[in-house]
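Okay, structure first, notes after.
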Amino acid sequence: MKNNLYFDFTADKVKNTLTIKREFLAGRPLVWDCYTKRELLDQWFAPAPLTTKTKSMDFSEGGHWHYAMVEPNGTEYWGLTEYVKIQPIDYYTALDAFSNAEGEINEDLPRAEWLVNFTDRGENALVETIVTYKSLSDLETVIQMGMEQGMMATLEKLDQLLLTLKK
Amino acid sequence: MRRDIFQAVADPTRRAIIALIALQAMTPNAIAEHFDTTRQAISKHLKVLTECELVKQEHQGREIYYQLEIDKMKEIDKWLEQFRKIWETRFAQLDNLLSTLKKTHK
């Protein structure tokens with residue numbers, strides 16, 4: 001990381017959770033906007049080289065975000081996030097799902113519960129995201145799907161590091 | 001019962017120990033010097049890491065050195081690195097967006 005912003009990523013294989021904490025060089029209201037406004041979400045959510053395309057969004061309790069992550073070749077992966085509880089600008093909870101372009105949820109694929117907490121860290125904002133899967137196999141399915149969909153960066157860097165360490 | 005490797009690396013001190021001995025094998029005392037905690041606590045962490053085969057002991061003379069089990073680490077890292085990378089990329093993008101927004105708001 002180019003700047004020393006706090007970042008922590010942990011997986012708990014027992015509770016089937018991923019916890020991701022990250023500090024941002026901006027105040028809480030601005031960071032909250034980036035998470036909850038479609039025109040801003042579209043600018044950062046999908047990891048490059050994927051881009052984000054929002055079809056519809058209603059950020060309210062019971063509302064949803066219907067979006068696609070789009071590969072450079074045009075392949076789209078649709079997702080539907082349903083917002084459950086919203087407490088601006090402290091936290092929101094949501095249920096995510098894989099869907100199609102019509103917003104129909106694919107029930108065969110795992111859904112996860114998201115809790116996104118926003119707190120102050122000095123002048124910066126700290127965002128803690130806790131993603132909970134129903135089971136460990138759900139978590140593994142999602143990771144494996146990600147690998148198949150080419151969403152993941154190559155492992156070359158890690159492999160190289162490990163090679164260096166072995167010497 | 002063999003310990004779960006994911007639980008083992010969920011602890012920040014244990015992750016720090018792993019990072020430390022990734023560079024070179026070390027004795028428990030040398031490891032403990034890097035932490036603000038008791039030698040006993042470090043021993044406990046090393047025990048957990050040993051039980052899930054993330055580190056192994058090597059005897060050199062009278063000293064015990066702890067060494068990283070590269071293959072085991074690779075297994076976990078491959079798994080987690082996938083997800084971690086996504087979030088890193090995503091957040092770097094958010095960093096850029098925030099800095100743009102801050103400029104336009106001023």
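Every chain in the structure tokens has a letter given in the order shown (A, B, ...), and although residue numbers restart at 1 in each chain, ligands are simply numbered from 1 in the order shown.
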Every residue of chain B that DSSP places in helix (DSSP H, G or I), as a PyMOL selection string: chain B and resi 5-10+12-23+28-32+39-51+70-105
Who sits within 9 Å of region 28-30 of chain B, only C-alpha atoms, same chain under 2 positions skipped, as a list in words: Met26, Ala32, Glu33, His34, Arg39, Ile42, Ser43, Leu46, Ile64, Tyr65 and Tyr66 of chain B
Residues just named, written with N, CA and C atoms as a short mmCIF file (atom, residue, chain, number, x, y, z; two decimals), in the first residue's frame:
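To be explicit, this is the file written out as selection_21.cif:
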data_model
loop_
_atom_site.label_atom_id
_atom_site.label_comp_id
_atom_site.auth_asym_id
_atom_site.auth_seq_id
_atom_site.Cartn_x
_atom_site.Cartn_y
_atom_site.Cartn_z
N MET B 26 14.03 -18.74 13.68
CA MET B 26 14.41 -18.03 14.90
C MET B 26 14.12 -18.86 16.14
N ALA B 32 10.40 -13.59 20.76
CA ALA B 32 9.75 -12.86 21.85
C ALA B 32 10.26 -11.42 21.97
N GLU B 33 11.54 -11.22 21.60
CA GLU B 33 12.11 -9.87 21.68
C GLU B 33 11.38 -8.87 20.79
N HIS B 34 10.72 -9.38 19.77
CA HIS B 34 10.02 -8.50 18.84
C HIS B 34 8.63 -8.12 19.31
N ARG B 39 7.28 -14.09 27.22
CA ARG B 39 7.89 -15.22 26.52
C ARG B 39 6.91 -16.40 26.52
N ILE B 42 4.27 -16.06 23.87
CA ILE B 42 4.84 -16.40 22.55
C ILE B 42 4.94 -17.91 22.39
N SER B 43 5.35 -18.58 23.45
CA SER B 43 5.43 -20.05 23.41
C SER B 43 4.08 -20.66 23.08
N LEU B 46 3.40 -20.22 19.49
CA LEU B 46 4.23 -21.13 18.70
C LEU B 46 3.67 -22.55 18.76
N ILE B 64 16.39 -24.45 19.93
CA ILE B 64 15.31 -24.84 19.04
C ILE B 64 14.99 -23.64 18.15
N TYR B 65 15.00 -23.87 16.87
CA TYR B 65 14.63 -22.82 15.92
C TYR B 65 13.27 -23.11 15.33
N TYR B 66 12.48 -22.05 15.18
CA TYR B 66 11.19 -22.20 14.53
C TYR B 66 11.28 -21.72 13.09
#
Write out as a PDB file with N, CA and C atoms, in the first residue's frame each polymer residue whose atoms come within 6 Å of region 54-58 of chain B, counting only C-alpha atoms; drop sequence neighbours fewer than 2 positions from it.
ATOM      1  N   LEU B  49       0.792 -22.706  16.358  1.00  0.00           N
ATOM      2  CA  LEU B  49       1.288 -22.723  14.976  1.00  0.00           C
ATOM      3  C   LEU B  49       1.925 -24.072  14.627  1.00  0.00           C
ATOM      4  N   THR B  50       2.582 -24.670  15.612  1.00  0.00           N
ATOM      5  CA  THR B  50       3.222 -25.971  15.393  1.00  0.00           C
ATOM      6  C   THR B  50       2.167 -27.063  15.226  1.00  0.00           C
ATOM      7  N   CYS B  52      -0.787 -26.878  14.068  1.00  0.00           N
ATOM      8  CA  CYS B  52      -1.462 -26.910  12.772  1.00  0.00           C
ATOM      9  C   CYS B  52      -0.444 -26.940  11.638  1.00  0.00           C
ATOM     10  N   ILE B  64      16.394 -24.449  19.934  1.00  0.00           N
ATOM     11  CA  ILE B  64      15.312 -24.835  19.036  1.00  0.00           C
ATOM     12  C   ILE B  64      14.990 -23.637  18.153  1.00  0.00           C
ATOM     13  N   TYR B  65      15.004 -23.873  16.871  1.00  0.00           N
ATOM     14  CA  TYR B  65      14.634 -22.821  15.921  1.00  0.00           C
ATOM     15  C   TYR B  65      13.272 -23.109  15.326  1.00  0.00           C
ATOM     16  N   TYR B  66      12.480 -22.045  15.178  1.00  0.00           N
ATOM     17  CA  TYR B  66      11.189 -22.204  14.526  1.00  0.00           C
ATOM     18  C   TYR B  66      11.282 -21.719  13.089  1.00  0.00           C
ATOM     19  N   GLN B  67      10.708 -22.527  12.221  1.00  0.00           N
ATOM     20  CA  GLN B  67      10.822 -22.277  10.795  1.00  0.00           C
ATOM     21  C   GLN B  67       9.442 -22.353  10.160  1.00  0.00           C
ATOM     22  N   LEU B  68       9.239 -21.574   9.131  1.00  0.00           N
ATOM     23  CA  LEU B  68       7.937 -21.557   8.474  1.00  0.00           C
ATOM     24  C   LEU B  68       7.783 -22.768   7.555  1.00  0.00           C
ATOM     25  N   GLU B  69       6.604 -23.376   7.597  1.00  0.00           N
ATOM     26  CA  GLU B  69       6.294 -24.461   6.653  1.00  0.00           C
ATOM     27  C   GLU B  69       5.704 -23.828   5.403  1.00  0.00           C
ATOM     28  N   LYS B  72       2.475 -25.257   3.612  1.00  0.00           N
ATOM     29  CA  LYS B  72       1.226 -25.075   4.347  1.00  0.00           C
ATOM     30  C   LYS B  72       0.724 -23.629   4.198  1.00  0.00           C
TER      31      LYS B  72
END
Residues near Tyr91 (chain A), cut-off 6 Å, only C-alpha atoms, skip fewer than 6 positions along chain, as a ChimeraX atom specification: /A:116-118
Strand (DSSP E) residues, from DSSP on the backbone, in chain A, as number ranges by chain: A: 7-12, 17-24, 51-57, 64-70, 76-87, 91-99, 112-121, 124-133
Could you save those same residues with C-alpha atoms as a CSV table (one decimal), in the first residue's frame?
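Okay, this is what ended up in again-v4.csv:
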chain,number,residue,atom,x,y,z
A,7,PHE,CA,-5.9,-2.5,6.6
A,8,ASP,CA,-6.8,-5.8,8.1
A,9,PHE,CA,-8.3,-8.8,6.5
A,10,THR,CA,-9.2,-12.0,8.4
A,11,ALA,CA,-11.1,-15.1,7.6
A,12,ASP,CA,-12.8,-17.1,10.4
A,17,THR,CA,-16.9,-14.9,8.3
A,18,LEU,CA,-14.6,-12.5,6.5
A,19,THR,CA,-13.7,-9.4,8.4
A,20,ILE,CA,-12.2,-6.5,6.4
A,21,LYS,CA,-11.2,-3.3,8.1
A,22,ARG,CA,-9.9,-0.3,6.2
A,23,GLU,CA,-9.2,3.3,7.0
A,24,PHE,CA,-9.8,6.0,4.4
A,51,THR,CA,-16.3,-2.3,-13.9
A,52,THR,CA,-19.5,-1.7,-12.0
A,53,LYS,CA,-22.8,-1.0,-13.7
A,54,THR,CA,-25.9,-0.2,-11.7
A,55,LYS,CA,-29.3,-1.1,-13.1
A,56,SER,CA,-31.4,0.1,-10.2
A,57,MET,CA,-30.8,1.1,-6.6
A,64,HIS,CA,-32.0,-3.1,-3.1
A,65,TRP,CA,-29.0,-2.6,-5.4
A,66,HIS,CA,-29.1,-4.4,-8.7
A,67,TYR,CA,-25.8,-4.2,-10.4
A,68,ALA,CA,-23.4,-6.0,-12.7
A,69,MET,CA,-19.6,-6.4,-12.6
A,70,VAL,CA,-18.5,-6.3,-16.2
A,76,GLU,CA,-21.6,-9.5,-17.0
A,77,TYR,CA,-21.9,-11.0,-13.5
A,78,TRP,CA,-25.1,-9.8,-11.9
A,79,GLY,CA,-25.7,-9.3,-8.2
A,80,LEU,CA,-28.5,-8.2,-6.1
A,81,THR,CA,-28.0,-6.7,-2.6
A,82,GLU,CA,-31.0,-6.3,-0.4
A,83,TYR,CA,-30.7,-3.7,2.3
A,84,VAL,CA,-32.0,-4.7,5.7
A,85,LYS,CA,-31.2,-2.2,8.3
A,86,ILE,CA,-29.7,1.3,7.8
A,87,GLN,CA,-28.4,3.7,10.4
A,91,TYR,CA,-23.8,1.1,9.7
A,92,TYR,CA,-26.0,-0.8,7.4
A,93,THR,CA,-26.7,-4.5,7.0
A,94,ALA,CA,-27.6,-6.2,3.7
A,95,LEU,CA,-28.1,-9.6,2.1
A,96,ASP,CA,-26.2,-10.2,-1.1
A,97,ALA,CA,-27.0,-12.7,-3.8
A,98,PHE,CA,-26.1,-13.7,-7.3
A,99,SER,CA,-28.8,-12.8,-9.8
A,112,ALA,CA,-24.1,-13.7,2.5
A,113,GLU,CA,-25.0,-11.3,5.2
A,114,TRP,CA,-23.1,-8.0,5.2
A,115,LEU,CA,-22.6,-5.7,8.2
A,116,VAL,CA,-20.8,-2.5,7.3
A,117,ASN,CA,-19.7,-0.3,10.2
A,118,PHE,CA,-18.5,3.2,9.8
A,119,THR,CA,-16.5,4.8,12.6
A,120,ASP,CA,-14.1,7.8,13.0
A,121,ARG,CA,-10.4,7.3,13.2
A,124,ASN,CA,-10.3,9.6,8.8
A,125,ALA,CA,-13.0,7.1,8.5
A,126,LEU,CA,-12.7,3.4,9.4
A,127,VAL,CA,-14.9,1.0,7.6
A,128,GLU,CA,-15.4,-2.5,9.0
A,129,THR,CA,-17.1,-5.0,6.8
A,130,ILE,CA,-18.2,-8.4,8.2
A,131,VAL,CA,-19.4,-10.8,5.6
A,132,THR,CA,-21.1,-13.9,7.0
A,133,TYR,CA,-21.8,-17.0,5.0
Arg14 (chain B) environment, 9 Å, only C-alpha atoms, sequence neighbours closer than 4 positions dropped, as a ChimeraX atom specification: /B:8-10,18-19,42,45-46,48-49
Distance of CA of Asp95 (chain B) from CA of Ala26 (chain A), expressed in Å to one decimal place: 8.7 Å
Atomic distance CA of Lys134 (chain A) - CA of Arg15 (chain B), expressed in Å with one decimal: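 Calculated distance between CA of Lys134 (chain A) and CA of Arg15 (chain B) is 26.1 Å.
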Separation of CA of Glu51 (chain B) from CA of Asp11 (chain B) in Å: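 CA of Asp11 (chain B) sits 14.8 Å away from CA of Glu51 (chain B).
If you measure from each of B:Lys44, B:Arg90, B:Lys103, B:His59 to chain A using only C-alpha atoms, the closest one turns out to be B:Arg90.
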